[in-house]
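Text of coords-v4.cif (mmCIF, C-alpha atoms) as supplied:
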```cif
data_protein
loop_
_atom_site.label_atom_id
_atom_site.label_comp_id
_atom_site.auth_asym_id
_atom_site.auth_seq_id
_atom_site.Cartn_x
_atom_site.Cartn_y
_atom_site.Cartn_z
CA MET A 1 4.61 8.51 17.04
CA LYS A 2 6.17 8.94 13.61
CA LYS A 3 9.97 8.86 13.59
CA VAL A 4 11.58 8.84 10.17
CA ILE A 5 14.52 6.44 9.97
CA VAL A 6 14.84 6.13 6.19
CA GLU A 7 14.42 9.23 4.02
CA ALA A 8 14.53 8.92 0.25
CA CYS A 9 13.93 11.13 -2.77
CA GLU A 10 12.91 8.11 -4.84
CA PRO A 11 10.12 5.53 -4.44
CA ILE A 12 10.73 2.69 -1.98
CA THR A 13 9.75 -0.97 -2.19
CA LEU A 14 8.61 -2.26 1.21
CA VAL A 15 8.62 -6.03 1.69
CA GLY A 16 6.52 -7.84 4.27
CA GLY A 17 6.53 -11.39 5.57
CA GLY A 18 3.16 -12.39 4.10
CA ALA A 19 2.31 -14.06 0.80
CA LEU A 20 4.82 -12.89 -1.79
CA GLU A 21 5.18 -13.76 -5.46
CA ASN A 22 8.52 -13.08 -7.11
CA VAL A 23 6.79 -11.43 -10.10
CA ASP A 24 5.22 -8.86 -7.77
CA LEU A 25 8.48 -8.21 -5.94
CA GLN A 26 10.35 -7.72 -9.21
CA ALA A 27 7.63 -5.46 -10.61
CA ALA A 28 7.88 -3.26 -7.52
CA ILE A 29 11.69 -3.15 -7.59
CA ALA A 30 11.66 -2.20 -11.28
CA LEU A 31 9.76 0.96 -10.29
CA ALA A 32 11.27 1.46 -6.83
CA PRO A 33 14.76 -0.08 -6.64
CA ARG A 34 15.49 0.85 -3.02
CA VAL A 35 14.23 -1.97 -0.77
CA VAL A 36 13.20 -1.78 2.87
CA ALA A 37 11.93 -4.86 4.72
CA ALA A 38 9.49 -5.05 7.61
CA ASP A 39 10.80 -7.60 10.13
CA SER A 40 10.36 -11.11 8.62
CA GLY A 41 9.99 -9.44 5.24
CA ALA A 42 13.79 -9.59 5.30
CA ASP A 43 13.57 -13.37 5.07
CA SER A 44 11.05 -13.12 2.25
CA ALA A 45 13.28 -10.73 0.31
CA LEU A 46 16.39 -12.85 0.82
CA ASN A 47 14.50 -15.98 -0.24
CA HIS A 48 13.84 -14.23 -3.56
CA GLY A 49 17.45 -13.18 -3.99
CA VAL A 50 16.91 -9.57 -2.90
CA THR A 51 19.00 -7.98 -0.14
CA PRO A 52 17.10 -5.17 1.60
CA ASP A 53 18.97 -1.96 2.31
CA VAL A 54 17.31 -1.67 5.72
CA VAL A 55 15.10 -3.83 7.95
CA VAL A 56 12.65 -2.10 10.32
CA GLY A 57 10.70 -3.86 13.07
CA ASP A 58 10.54 -5.21 16.58
CA PHE A 59 12.40 -8.30 15.29
CA ASP A 60 10.08 -10.87 16.81
CA SER A 61 9.77 -12.73 13.51
CA ILE A 62 12.95 -12.18 11.50
CA SER A 63 15.18 -15.26 11.53
CA ASN A 64 18.58 -15.32 13.17
CA GLY A 65 20.02 -16.37 9.85
CA ALA A 66 18.70 -13.25 8.16
CA LYS A 67 20.08 -11.08 10.97
CA VAL A 68 23.52 -12.60 10.56
CA GLN A 69 23.44 -12.35 6.76
CA LEU A 70 22.37 -8.70 6.78
CA GLY A 71 24.51 -7.49 9.66
CA GLU A 72 23.71 -5.09 12.49
CA ALA A 73 24.12 -1.97 10.36
CA ARG A 74 21.03 -2.83 8.31
CA LEU A 75 18.81 -3.68 11.32
CA LEU A 76 16.80 -0.76 12.70
CA HIS A 77 15.01 -1.89 15.84
CA VAL A 78 11.61 -0.39 16.79
CA PRO A 79 10.85 -2.18 20.08
CA GLU A 80 7.19 -1.24 20.73
CA GLN A 81 4.54 -3.96 20.39
CA ASP A 82 1.41 -1.84 19.93
CA THR A 83 1.50 -1.70 16.13
CA THR A 84 2.09 -4.06 13.22
CA ASP A 85 5.40 -4.45 11.39
CA PHE A 86 3.83 -2.73 8.39
CA ASP A 87 2.88 0.26 10.53
CA LYS A 88 6.36 0.46 12.09
CA ALA A 89 8.06 0.28 8.71
CA LEU A 90 5.78 2.70 6.85
CA ARG A 91 5.92 5.37 9.53
CA SER A 92 9.72 4.99 9.61
CA VAL A 93 10.23 5.85 5.95
CA SER A 94 9.73 9.07 4.03
CA ALA A 95 9.50 8.73 0.26
CA PRO A 96 7.42 10.12 -2.61
CA VAL A 97 5.56 6.80 -2.70
CA VAL A 98 5.96 3.31 -1.22
CA LEU A 99 5.16 0.07 -3.06
CA ALA A 100 4.27 -2.56 -0.48
CA VAL A 101 4.47 -6.27 -1.30
CA GLY A 102 4.02 -9.23 1.03
CA PHE A 103 1.35 -7.64 3.22
CA LEU A 104 -1.78 -9.19 1.68
CA GLY A 105 -3.00 -12.72 1.14
CA ALA A 106 -1.47 -14.73 3.98
CA ARG A 107 -3.64 -13.77 6.97
CA PHE A 108 -6.85 -11.79 6.66
CA ASP A 109 -6.32 -9.96 9.96
CA HIS A 110 -2.96 -8.74 8.66
CA SER A 111 -4.67 -7.53 5.47
CA LEU A 112 -7.23 -5.58 7.49
CA ALA A 113 -4.48 -4.08 9.62
CA ALA A 114 -2.67 -3.01 6.45
CA LEU A 115 -5.75 -1.12 5.26
CA HIS A 116 -5.87 0.64 8.62
CA VAL A 117 -2.27 1.78 8.14
CA LEU A 118 -3.01 3.13 4.65
CA LEU A 119 -5.41 5.66 6.18
CA GLN A 120 -2.87 7.29 8.46
CA GLU A 121 -2.35 10.81 7.16
CA ASP A 122 1.25 11.19 8.36
CA ARG A 123 2.51 8.27 6.25
CA SER A 124 4.04 8.39 2.78
CA PRO A 125 1.57 7.52 0.00
CA CYS A 126 1.52 3.75 -0.30
CA ILE A 127 0.20 1.17 -2.77
CA LEU A 128 -0.49 -2.36 -1.54
CA ILE A 129 0.19 -4.95 -4.23
CA GLY A 130 -1.98 -8.06 -3.99
CA ALA A 131 -2.39 -11.22 -6.01
CA HIS A 132 -4.57 -9.61 -8.68
CA GLU A 133 -5.13 -5.98 -7.72
CA ILE A 134 -3.49 -2.96 -6.20
CA LEU A 135 -5.04 -1.03 -3.30
CA PHE A 136 -4.44 2.57 -2.29
CA HIS A 137 -6.01 5.32 -0.22
CA LEU A 138 -7.57 7.97 -2.45
CA ARG A 139 -6.26 11.29 -1.14
CA GLY A 140 -6.90 13.54 -4.13
CA ARG A 141 -7.50 12.84 -7.81
CA VAL A 142 -6.40 9.92 -9.96
CA GLU A 143 -7.00 9.23 -13.63
CA ILE A 144 -6.70 5.56 -14.58
CA PRO A 145 -6.80 4.25 -18.17
CA THR A 146 -9.27 1.47 -17.42
CA GLN A 147 -11.08 -0.36 -20.19
CA GLU A 148 -14.82 -0.76 -20.62
CA GLY A 149 -16.12 -3.45 -18.28
CA GLU A 150 -13.04 -3.45 -16.04
CA VAL A 151 -13.85 -3.77 -12.34
CA VAL A 152 -13.13 -0.71 -10.18
CA SER A 153 -13.92 -1.28 -6.51
CA LEU A 154 -14.23 1.41 -3.87
CA PHE A 155 -14.35 0.52 -0.20
CA PRO A 156 -14.94 3.14 2.50
CA MET A 157 -13.15 2.69 5.79
CA GLN A 158 -15.23 5.53 7.29
CA PRO A 159 -18.03 7.82 6.05
CA VAL A 160 -16.69 9.58 2.96
CA GLN A 161 -17.79 11.01 -0.37
CA GLY A 162 -16.16 11.23 -3.78
CA LYS A 163 -16.68 12.15 -7.43
CA SER A 164 -16.18 10.06 -10.54
CA THR A 165 -16.28 10.01 -14.30
CA GLY A 166 -16.11 6.85 -16.36
CA LEU A 167 -17.92 4.54 -13.94
CA GLU A 168 -21.06 2.60 -14.84
CA TRP A 169 -22.51 3.64 -11.48
CA PRO A 170 -21.25 7.18 -10.71
CA ILE A 171 -20.45 7.96 -7.09
CA ASP A 172 -21.21 11.70 -7.12
CA GLY A 173 -23.50 12.60 -4.22
CA LEU A 174 -23.25 9.20 -2.55
CA GLN A 175 -22.41 8.96 1.15
CA PHE A 176 -20.18 5.91 1.46
CA ASP A 177 -20.14 4.26 4.86
CA PRO A 178 -18.74 0.82 5.80
CA MET A 179 -21.92 0.16 7.78
CA GLN A 180 -24.34 1.37 5.12
CA LEU A 181 -23.03 1.78 1.56
CA ILE A 182 -19.91 0.44 -0.14
CA GLY A 183 -18.78 0.56 -3.76
CA THR A 184 -17.30 -2.82 -4.65
CA SER A 185 -17.62 -4.33 -8.14
CA ASN A 186 -18.32 -1.08 -9.95
CA LYS A 187 -17.32 -1.14 -13.62
CA ALA A 188 -15.52 1.24 -15.91
CA THR A 189 -17.11 2.52 -19.10
CA GLY A 190 -13.67 3.65 -20.25
CA PRO A 191 -10.90 5.64 -18.56
CA VAL A 192 -11.85 6.55 -14.99
CA GLN A 193 -11.28 9.71 -12.98
CA LEU A 194 -11.77 9.59 -9.21
CA ASP A 195 -11.74 12.49 -6.77
CA ALA A 196 -11.70 12.19 -2.99
CA LEU A 197 -13.96 14.51 -0.99
CA GLY A 198 -12.52 13.54 2.35
CA THR A 199 -10.43 10.66 3.65
CA GLY A 200 -11.10 6.98 4.03
CA LEU A 201 -11.83 5.66 0.52
CA ILE A 202 -9.79 2.65 -0.62
CA VAL A 203 -9.49 2.13 -4.39
CA ILE A 204 -8.94 -1.36 -5.82
CA VAL A 205 -7.94 -1.76 -9.48
CA GLN A 206 -5.97 -4.17 -11.65
CA LYS A 207 -2.22 -4.50 -11.10
CA ARG A 208 -1.45 -3.36 -14.64
CA HIS A 209 -2.21 0.19 -13.49
CA LEU A 210 0.54 0.19 -10.87
CA GLN A 211 2.96 2.54 -12.60
CA ILE A 212 0.44 5.19 -13.58
CA VAL A 213 -1.19 5.17 -10.14
CA MET A 214 2.22 5.35 -8.49
CA THR A 215 3.13 8.40 -10.56
CA GLN A 216 -0.10 10.19 -9.74
CA ILE A 217 -0.24 9.65 -5.97
CA ALA A 218 3.45 10.34 -5.36
CA THR A 219 4.18 13.45 -3.34
CA PRO A 220 6.65 16.00 -4.75
CA THR A 221 10.20 15.73 -3.38
#
```
Show me the file's structure as structure tokens.
Amino acid sequence: MKKVIVEACEPITLVGGGALENVDLQAAIALAPRVVAADSGADSALNHGVTPDVVVGDFDSISNGAKVQLGEARLLHVPEQDTTDFDKALRSVSAPVVLAVGFLGARFDHSLAALHVLLQEDRSPCILIGAHEILFHLRGRVEIPTQEGEVVSLFPMQPVQGKSTGLEWPIDGLQFDPMQLIGTSNKATGPVQLDALGTGLIVIVQKRHLQIVMTQIATPT
């Protein structure tokens, strides 16, 4: 069940307890200064000199030291154990867009679970920031200023169709399906436009496109 705990009119940076590079954290904060942590993401943020405004989670992984440093007022406990910390945190915030760092790269099962959460329709639009790329759920149309030869990967989490311009291998008319047909390692011929014809298509592009993608997928406030 979705219960909003943090509501914001501006983008939010969400920090997880997985692999986290300071350059990625700072890039997210530059675009989304308000910081929320998911459980042990509080430790990750503090280790990089960032104090989260709020920590959301079941608190099975946050350190006692972080709890003491942050104080009870910043700790928002969600006790259920049926979902991941990323799920708990993302469903607890409402923002035009969420930039999520520290949720990819450490454990592959956590990365897969994060993709599952991206597909939930009652969540704020969210961009996962990885080591080299950003990932997001294509819900409508995006236009990305890719360069010729740049990799644009599309991965379906369920049967779904889409439309494209600017791809070496256009996707119009294709029925993507994780069991049959995926779209990884496609290439741009120039700027790319992608349209979703349904839900379930994950887009993976270079991190340098973070700001423009963030602007386009954000919901109006």
Output of the PyMOL selection byres ((chain A and resi 71) around 12), listed as an mmCIF file with C-alpha atoms, in the frame of the given file:
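That gives us out12.cif:
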```cif
data_model
loop_
_atom_site.group_PDB
_atom_site.id
_atom_site.type_symbol
_atom_site.label_atom_id
_atom_site.label_comp_id
_atom_site.auth_asym_id
_atom_site.auth_seq_id
_atom_site.Cartn_x
_atom_site.Cartn_y
_atom_site.Cartn_z
ATOM 1 C CA ALA A 42 13.790 -9.590 5.300
ATOM 2 C CA THR A 51 19.000 -7.980 -0.140
ATOM 3 C CA PRO A 52 17.100 -5.170 1.600
ATOM 4 C CA ASP A 53 18.970 -1.960 2.310
ATOM 5 C CA VAL A 54 17.310 -1.670 5.720
ATOM 6 C CA VAL A 55 15.100 -3.830 7.950
ATOM 7 C CA ASN A 64 18.580 -15.320 13.170
ATOM 8 C CA GLY A 65 20.020 -16.370 9.850
ATOM 9 C CA ALA A 66 18.700 -13.250 8.160
ATOM 10 C CA LYS A 67 20.080 -11.080 10.970
ATOM 11 C CA VAL A 68 23.520 -12.600 10.560
ATOM 12 C CA GLN A 69 23.440 -12.350 6.760
ATOM 13 C CA LEU A 70 22.370 -8.700 6.780
ATOM 14 C CA GLU A 72 23.710 -5.090 12.490
ATOM 15 C CA ALA A 73 24.120 -1.970 10.360
ATOM 16 C CA ARG A 74 21.030 -2.830 8.310
ATOM 17 C CA LEU A 75 18.810 -3.680 11.320
ATOM 18 C CA LEU A 76 16.800 -0.760 12.700
#
```
If you take all atoms listed in the file and a cut-off of 12 Å, which residues of stretch 127-173 of chain A touch stretch 108-113 of chain A, and what are their nearest atom pairs and distances in Å to one decimal, in chain and number order, as a tab-separated table?
```
residue	atom	partner	partner_atom	distance
A:Leu128	CA	A:Ser111	CA	9.7
A:Ile129	CA	A:Ser111	CA	11.2
A:Gly130	CA	A:Ser111	CA	9.8
A:Leu135	CA	A:Ser111	CA	10.9
A:Met157	CA	A:Leu112	CA	10.3
```
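When only C-alpha atoms are used to measure the gap to A:Val56, the shortest distance among A:Ala196, A:Leu14, A:Ala19, A:Ile212 belongs to A:Leu14.
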task: Can you work out the spacing between atom CA of A:Gly17 and atom CA of A:Leu99 in Å, to one decimal?
output: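 One can read the atom CA of A:Gly17 to atom CA of A:Leu99 distance as 14.4 Å.
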task: With a distance cut-off of 9 Å and only C-alpha atoms, select the neighbouring residues of A:Glu7, excluding the residue or stretch itself and same-chain residues fewer than 6 positions from it, and output the selection as a list of chain:residue names.
output: A:Ser92, A:Val93, A:Ser94, A:Ala95
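Among the candidates A:Gln147, A:Gln161, A:Gln206, A:Ser153, the one nearest to A:Thr184 when counting only C-alpha atoms is A:Ser153.
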Mind giving me the axis-aligned box for stretch 23-27 of chain A with 4 Å on every side, centre plus edges in Å to one decimal, as lines of an AutoDock Vina configuration file?
```
center_x = 7.8
center_y = -8.4
center_z = -8.3
size_x = 13.1
size_y = 14.0
size_z = 12.7
```
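From atom CA of A:Thr219 back to atom CA of A:Cys9, the distance works out to 10.0 Å.
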- request: To verify the selection step, state as number ranges by chain which residues the PyMOL selection byres ((chain A and resi 201) around 9) yields on this input.
  value: A: 119, 136-139, 154-162, 176, 196, 198-200, 202-203
Name the residues in contact with A:Ala114 at a cut-off of 8 Å, using only C-alpha atoms, excluding same-chain residues fewer than 5 positions from it; report them as a PDB file with C-alpha atoms, in the frame of the given file.
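Here's the written file part12.pdb:
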```pdb
ATOM      1  CA  PHE A  86       3.830  -2.730   8.390  1.00  0.00           C
ATOM      2  CA  ASP A  87       2.880   0.260  10.530  1.00  0.00           C
ATOM      3  CA  PHE A 103       1.350  -7.640   3.220  1.00  0.00           C
ATOM      4  CA  LEU A 104      -1.780  -9.190   1.680  1.00  0.00           C
TER       5      LEU A 104
END
```
query: Evaluating the PyMOL selection byres ((chain A and resi 31) around 10) on the displayed file yields which residues, as a PyMOL selection string?
result: chain A and resi 10-13+26-30+32-34+99+210-211+214-215
query: In terms of the shortest atom-to-atom distance over all atoms listed in the file, which of A:Glu133, A:Glu143, A:Asp195, A:Glu80 is closest to A:Gln216?
result: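 Looking only at the distances to A:Gln216, the closest residue turns out to be A:Glu143.
Checking A:Val152, A:Val23, A:Arg107, A:Ile182 one by one against A:Glu168, counting all atoms listed in the file, you find the shortest gap at A:Val152.
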- line: From the list A:Val192, A:Gly57, A:Leu20, A:His48, the nearest residue to A:Lys163 using only C-alpha atoms is A:Val192
- request: Please return, as a PyMOL selection string, all polymer residues that have at least one atom within 8 Å of the point (-4.1, -1.6, -12.4); use only C-alpha atoms and the file's own coordinate frame.
  value: chain A and resi 133-134+144+146+205-210+213
query: Which value, in Å to one decimal, gives the distance between atom CA of A:Asn22 and atom CA of A:Leu46?
result: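 Between atom CA of A:Asn22 and atom CA of A:Leu46 the gap is 11.2 Å.
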- prompt: Which of these residues is nearest to A:Ser164, using all atoms listed in the file: A:Pro125, A:Glu150, A:Ala188, A:Asp177?
  reply: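 Nearest candidate to A:Ser164 out of A:Pro125, A:Glu150, A:Ala188, A:Asp177: A:Ala188.
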- request: Just the residues within 8 Å of A:Val15, please, counting all atoms listed in the file, with nothing from its chain fewer than 5 positions along; format it as a PyMOL selection string.
  value: chain A and resi 25+35-38+41-42+44-45+100-103
If I only have part of stretch 95-106 of chain A, can you fill in all heavy atoms and write it as a CSV table (one decimal), in the frame of the given file?
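Final file, part_32.csv:
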```csv
chain,number,residue,atom,x,y,z
A,95,ALA,N,9.2,8.9,1.7
A,95,ALA,CA,9.5,8.7,0.3
A,95,ALA,C,8.3,9.3,-0.5
A,95,ALA,O,7.2,9.4,0.0
A,95,ALA,CB,9.7,7.3,-0.1
A,96,PRO,N,8.5,9.6,-1.8
A,96,PRO,CA,7.4,10.1,-2.6
A,96,PRO,C,6.3,9.1,-2.7
A,96,PRO,O,5.1,9.5,-2.7
A,96,PRO,CB,8.0,10.3,-4.0
A,96,PRO,CG,9.5,10.5,-3.7
A,96,PRO,CD,9.8,9.6,-2.5
A,97,VAL,N,6.6,7.8,-2.7
A,97,VAL,CA,5.6,6.8,-2.7
A,97,VAL,C,6.2,5.5,-2.3
A,97,VAL,O,7.4,5.3,-2.5
A,97,VAL,CB,4.9,6.7,-4.1
A,97,VAL,CG1,5.9,6.2,-5.1
A,97,VAL,CG2,3.7,5.8,-4.1
A,98,VAL,N,5.5,4.6,-1.7
A,98,VAL,CA,6.0,3.3,-1.2
A,98,VAL,C,5.1,2.2,-1.9
A,98,VAL,O,3.9,2.3,-1.9
A,98,VAL,CB,5.9,3.2,0.3
A,98,VAL,CG1,6.3,1.8,0.8
A,98,VAL,CG2,6.7,4.2,1.0
A,99,LEU,N,5.8,1.2,-2.5
A,99,LEU,CA,5.2,0.1,-3.1
A,99,LEU,C,5.3,-1.1,-2.1
A,99,LEU,O,6.4,-1.5,-1.8
A,99,LEU,CB,5.8,-0.3,-4.4
A,99,LEU,CG,5.8,0.9,-5.4
A,99,LEU,CD1,6.4,0.4,-6.8
A,99,LEU,CD2,4.4,1.5,-5.6
A,100,ALA,N,4.2,-1.6,-1.6
A,100,ALA,CA,4.3,-2.6,-0.5
A,100,ALA,C,3.8,-3.9,-1.0
A,100,ALA,O,2.7,-4.1,-1.5
A,100,ALA,CB,3.4,-2.1,0.7
A,101,VAL,N,4.7,-4.9,-0.9
A,101,VAL,CA,4.5,-6.3,-1.3
A,101,VAL,C,4.7,-7.2,-0.1
A,101,VAL,O,5.5,-6.9,0.8
A,101,VAL,CB,5.4,-6.7,-2.5
A,101,VAL,CG1,5.0,-6.0,-3.7
A,101,VAL,CG2,6.9,-6.5,-2.1
A,102,GLY,N,3.9,-8.3,-0.1
A,102,GLY,CA,4.0,-9.2,1.0
A,102,GLY,C,3.2,-8.9,2.3
A,102,GLY,O,3.5,-9.3,3.4
A,103,PHE,N,2.2,-8.0,2.1
A,103,PHE,CA,1.4,-7.6,3.2
A,103,PHE,C,-0.1,-8.1,3.0
A,103,PHE,O,-0.9,-7.9,3.9
A,103,PHE,CB,1.4,-6.1,3.4
A,103,PHE,CG,2.7,-5.6,3.8
A,103,PHE,CD1,3.6,-5.1,2.9
A,103,PHE,CD2,3.2,-5.7,5.1
A,103,PHE,CE1,4.9,-4.7,3.2
A,103,PHE,CE2,4.4,-5.2,5.5
A,103,PHE,CZ,5.3,-4.7,4.5
A,104,LEU,N,-0.4,-8.7,1.9
A,104,LEU,CA,-1.8,-9.2,1.7
A,104,LEU,C,-1.7,-10.7,1.4
A,104,LEU,O,-0.7,-11.2,0.9
A,104,LEU,CB,-2.4,-8.4,0.5
A,104,LEU,CG,-2.6,-6.9,0.6
A,104,LEU,CD1,-3.0,-6.3,-0.7
A,104,LEU,CD2,-3.5,-6.6,1.7
A,105,GLY,N,-2.8,-11.4,1.6
A,105,GLY,CA,-3.0,-12.7,1.1
A,105,GLY,C,-2.7,-13.8,2.1
A,105,GLY,O,-3.2,-14.9,1.9
A,106,ALA,N,-1.8,-13.6,3.1
A,106,ALA,CA,-1.5,-14.7,4.0
A,106,ALA,C,-2.5,-14.9,5.1
A,106,ALA,O,-3.1,-15.9,5.3
A,106,ALA,CB,-0.1,-14.5,4.5
```
